[in-house]
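A short write-up of the structure that comes next.
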Amino acid sequence: MKRILYFLCAAVLLCTACTSKTPAPVTVTESPTEAPEETPIALIPSVSESADTSSSSVKPAETETAGSLKPEQEVGEVTSIRRYVSSSDMFSEPYLPELVLNPDGTFVLTENLFEGMGHYSGTYTAEDYNLTLHVSSVDFSGFAGDDVKEIRFEALTEDVLQLMDDLCGSMKFDTWYRAEE
């Protein structure tokens with residue numbers, strides 16, 4: 001009986017302590033919510049005004065300058081077999097996804113399916129900083145990415161590509177490094 005009384009007293013004390021602390025956060029949150037409401041109202045006109053002036057004053061020379069923000073390295077012409085390997089932390093040797101580019105314009109991408117390895121194959125185009133794989137055959141089905149028809153990479157440097165699509169194990173923005181032959 002004493003245990004039940006102690007338990008009830010402890011519960012009442014906890015409830016009292018909890019309810020006495022509740023008003024403090026409410027008071028604290030009331031003042032910050034007032035400040036952000038005023039800030040966006042003051043910023044909205046200046047943001048929209050600057051957006052209007054920048055879009056109407058873009059000149060061809062400025063567009064070319066903006067283009068210089070791209071990486072210095074293009075994908076370039078593939079004159080010998082190139083091999084790129086995914087750096088994803090999800091996989092280890094020998095289960096790393098791999099891309100092989102052949103000089104004849106064909107590719108084979110070996111993808112980790114989490115239950116084995118699958119292959120995409122077809123042709124590719126390299127234009128400036130973009131590498132586009134045009135998938136003509138896939139040797140797996142029933143896995144994510146089995147219906148992919150195009151896989152895009154962007155060159156970050158001469159030896160580094162960034163995947164721009166989700167496949168199965170490989171995800172958008174995964175980094176692939178050129179493997180030494």
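Ordering of the structure tokens sets the chain letters (A, B, ...); residue numbers start at 1 within each chain; ligands are numbered from 1 in the order shown.
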Polymer residues at most 12 Å from Ser136 in chain A, only C-alpha atoms, same-chain spacing of 2 or more positions, as a PyMOL selection string: chain A and resi 106-109+119-124+133-134+138-139+146-151
Give me the residues within 10 Å of Phe143 in chain A as an mmCIF file with all heavy atoms, in the first residue's frame, counting only C-alpha atoms and dropping any in the same chain fewer than 2 places off.
```cif
data_model
loop_
_atom_site.group_PDB
_atom_site.id
_atom_site.type_symbol
_atom_site.label_atom_id
_atom_site.label_comp_id
_atom_site.auth_asym_id
_atom_site.auth_seq_id
_atom_site.Cartn_x
_atom_site.Cartn_y
_atom_site.Cartn_z
ATOM 1 N N LEU A 113 23.613 -5.171 -57.689
ATOM 2 C CA LEU A 113 22.167 -5.314 -57.502
ATOM 3 C C LEU A 113 21.823 -5.730 -56.074
ATOM 4 O O LEU A 113 20.675 -6.064 -55.797
ATOM 5 C CB LEU A 113 21.617 -6.353 -58.486
ATOM 6 C CG LEU A 113 21.932 -6.094 -59.961
ATOM 7 C CD1 LEU A 113 21.465 -7.273 -60.811
ATOM 8 C CD2 LEU A 113 21.310 -4.806 -60.431
ATOM 9 N N PHE A 114 22.801 -5.774 -55.188
ATOM 10 C CA PHE A 114 22.673 -6.212 -53.801
ATOM 11 C C PHE A 114 22.480 -7.719 -53.681
ATOM 12 O O PHE A 114 22.570 -8.256 -52.604
ATOM 13 C CB PHE A 114 21.536 -5.489 -53.058
ATOM 14 C CG PHE A 114 21.733 -4.007 -52.960
ATOM 15 C CD1 PHE A 114 20.934 -3.140 -53.686
ATOM 16 C CD2 PHE A 114 22.712 -3.463 -52.156
ATOM 17 C CE1 PHE A 114 21.103 -1.767 -53.592
ATOM 18 C CE2 PHE A 114 22.891 -2.098 -52.059
ATOM 19 C CZ PHE A 114 22.091 -1.249 -52.772
ATOM 20 N N GLU A 115 22.199 -8.397 -54.768
ATOM 21 C CA GLU A 115 22.074 -9.858 -54.769
ATOM 22 C C GLU A 115 22.914 -10.454 -55.880
ATOM 23 O O GLU A 115 22.732 -11.605 -56.250
ATOM 24 C CB GLU A 115 20.608 -10.266 -54.957
ATOM 25 C CG GLU A 115 19.742 -9.944 -53.772
ATOM 26 C CD GLU A 115 18.329 -10.486 -53.947
ATOM 27 O OE1 GLU A 115 18.101 -11.362 -54.797
ATOM 28 O OE2 GLU A 115 17.453 -10.019 -53.217
ATOM 29 N N GLY A 118 24.819 -6.962 -62.225
ATOM 30 C CA GLY A 118 24.103 -6.890 -63.492
ATOM 31 C C GLY A 118 24.854 -5.957 -64.429
ATOM 32 O O GLY A 118 25.750 -5.225 -64.016
ATOM 33 N N PHE A 140 19.566 -8.120 -66.585
ATOM 34 C CA PHE A 140 18.871 -8.451 -65.347
ATOM 35 C C PHE A 140 17.472 -7.884 -65.397
ATOM 36 O O PHE A 140 17.179 -6.982 -66.184
ATOM 37 C CB PHE A 140 19.636 -7.929 -64.118
ATOM 38 C CG PHE A 140 19.798 -6.436 -64.082
ATOM 39 C CD1 PHE A 140 18.884 -5.631 -63.425
ATOM 40 C CD2 PHE A 140 20.892 -5.829 -64.699
ATOM 41 C CE1 PHE A 140 19.042 -4.253 -63.390
ATOM 42 C CE2 PHE A 140 21.054 -4.453 -64.661
ATOM 43 C CZ PHE A 140 20.136 -3.665 -64.007
ATOM 44 N N SER A 141 16.587 -8.424 -64.567
ATOM 45 C CA SER A 141 15.220 -7.898 -64.462
ATOM 46 C C SER A 141 14.724 -8.116 -63.042
ATOM 47 O O SER A 141 15.246 -8.944 -62.304
ATOM 48 C CB SER A 141 14.283 -8.569 -65.474
ATOM 49 O OG SER A 141 14.158 -9.942 -65.188
ATOM 50 N N GLY A 145 16.150 -0.109 -61.601
ATOM 51 C CA GLY A 145 17.042 0.262 -62.683
ATOM 52 C C GLY A 145 17.004 -0.652 -63.885
ATOM 53 O O GLY A 145 17.708 -0.423 -64.860
ATOM 54 N N ASP A 146 16.156 -1.688 -63.861
ATOM 55 C CA ASP A 146 16.113 -2.612 -65.002
ATOM 56 C C ASP A 146 15.425 -2.006 -66.225
ATOM 57 O O ASP A 146 15.528 -2.545 -67.319
ATOM 58 C CB ASP A 146 15.478 -3.947 -64.632
ATOM 59 C CG ASP A 146 14.012 -3.835 -64.236
ATOM 60 O OD1 ASP A 146 13.480 -2.708 -64.175
ATOM 61 O OD2 ASP A 146 13.395 -4.889 -63.976
ATOM 62 N N ASP A 147 14.785 -0.851 -66.047
ATOM 63 C CA ASP A 147 14.103 -0.194 -67.164
ATOM 64 C C ASP A 147 14.820 1.090 -67.620
ATOM 65 O O ASP A 147 14.299 1.841 -68.439
ATOM 66 C CB ASP A 147 12.665 0.146 -66.774
ATOM 67 C CG ASP A 147 12.583 1.068 -65.566
ATOM 68 O OD1 ASP A 147 13.613 1.238 -64.861
ATOM 69 O OD2 ASP A 147 11.500 1.611 -65.307
ATOM 70 N N LEU A 167 20.420 4.209 -60.115
ATOM 71 C CA LEU A 167 20.340 2.918 -60.811
ATOM 72 C C LEU A 167 19.756 1.915 -59.834
ATOM 73 O O LEU A 167 18.615 2.044 -59.440
ATOM 74 C CB LEU A 167 21.724 2.517 -61.322
ATOM 75 C CG LEU A 167 22.355 3.514 -62.315
ATOM 76 C CD1 LEU A 167 23.742 3.059 -62.732
ATOM 77 C CD2 LEU A 167 21.466 3.714 -63.512
ATOM 78 N N CYS A 168 20.531 0.917 -59.433
ATOM 79 C CA CYS A 168 20.061 -0.004 -58.403
ATOM 80 C C CYS A 168 20.833 0.286 -57.129
ATOM 81 O O CYS A 168 20.346 0.955 -56.248
ATOM 82 C CB CYS A 168 20.229 -1.457 -58.842
ATOM 83 S SG CYS A 168 19.498 -2.632 -57.675
ATOM 84 N N GLY A 169 22.075 -0.194 -57.052
ATOM 85 C CA GLY A 169 22.912 0.119 -55.899
ATOM 86 C C GLY A 169 23.546 1.484 -56.007
ATOM 87 O O GLY A 169 23.794 2.148 -55.010
#
```
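Note that CA of Leu156 in chain A and CA of Thr125 in chain A are 16.6 Å apart.
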A:Met164, A:Leu131, A:Leu101, A:Ala179 ranked by distance to Thr79 in chain A, top pick (using only C-alpha atoms): A:Leu101
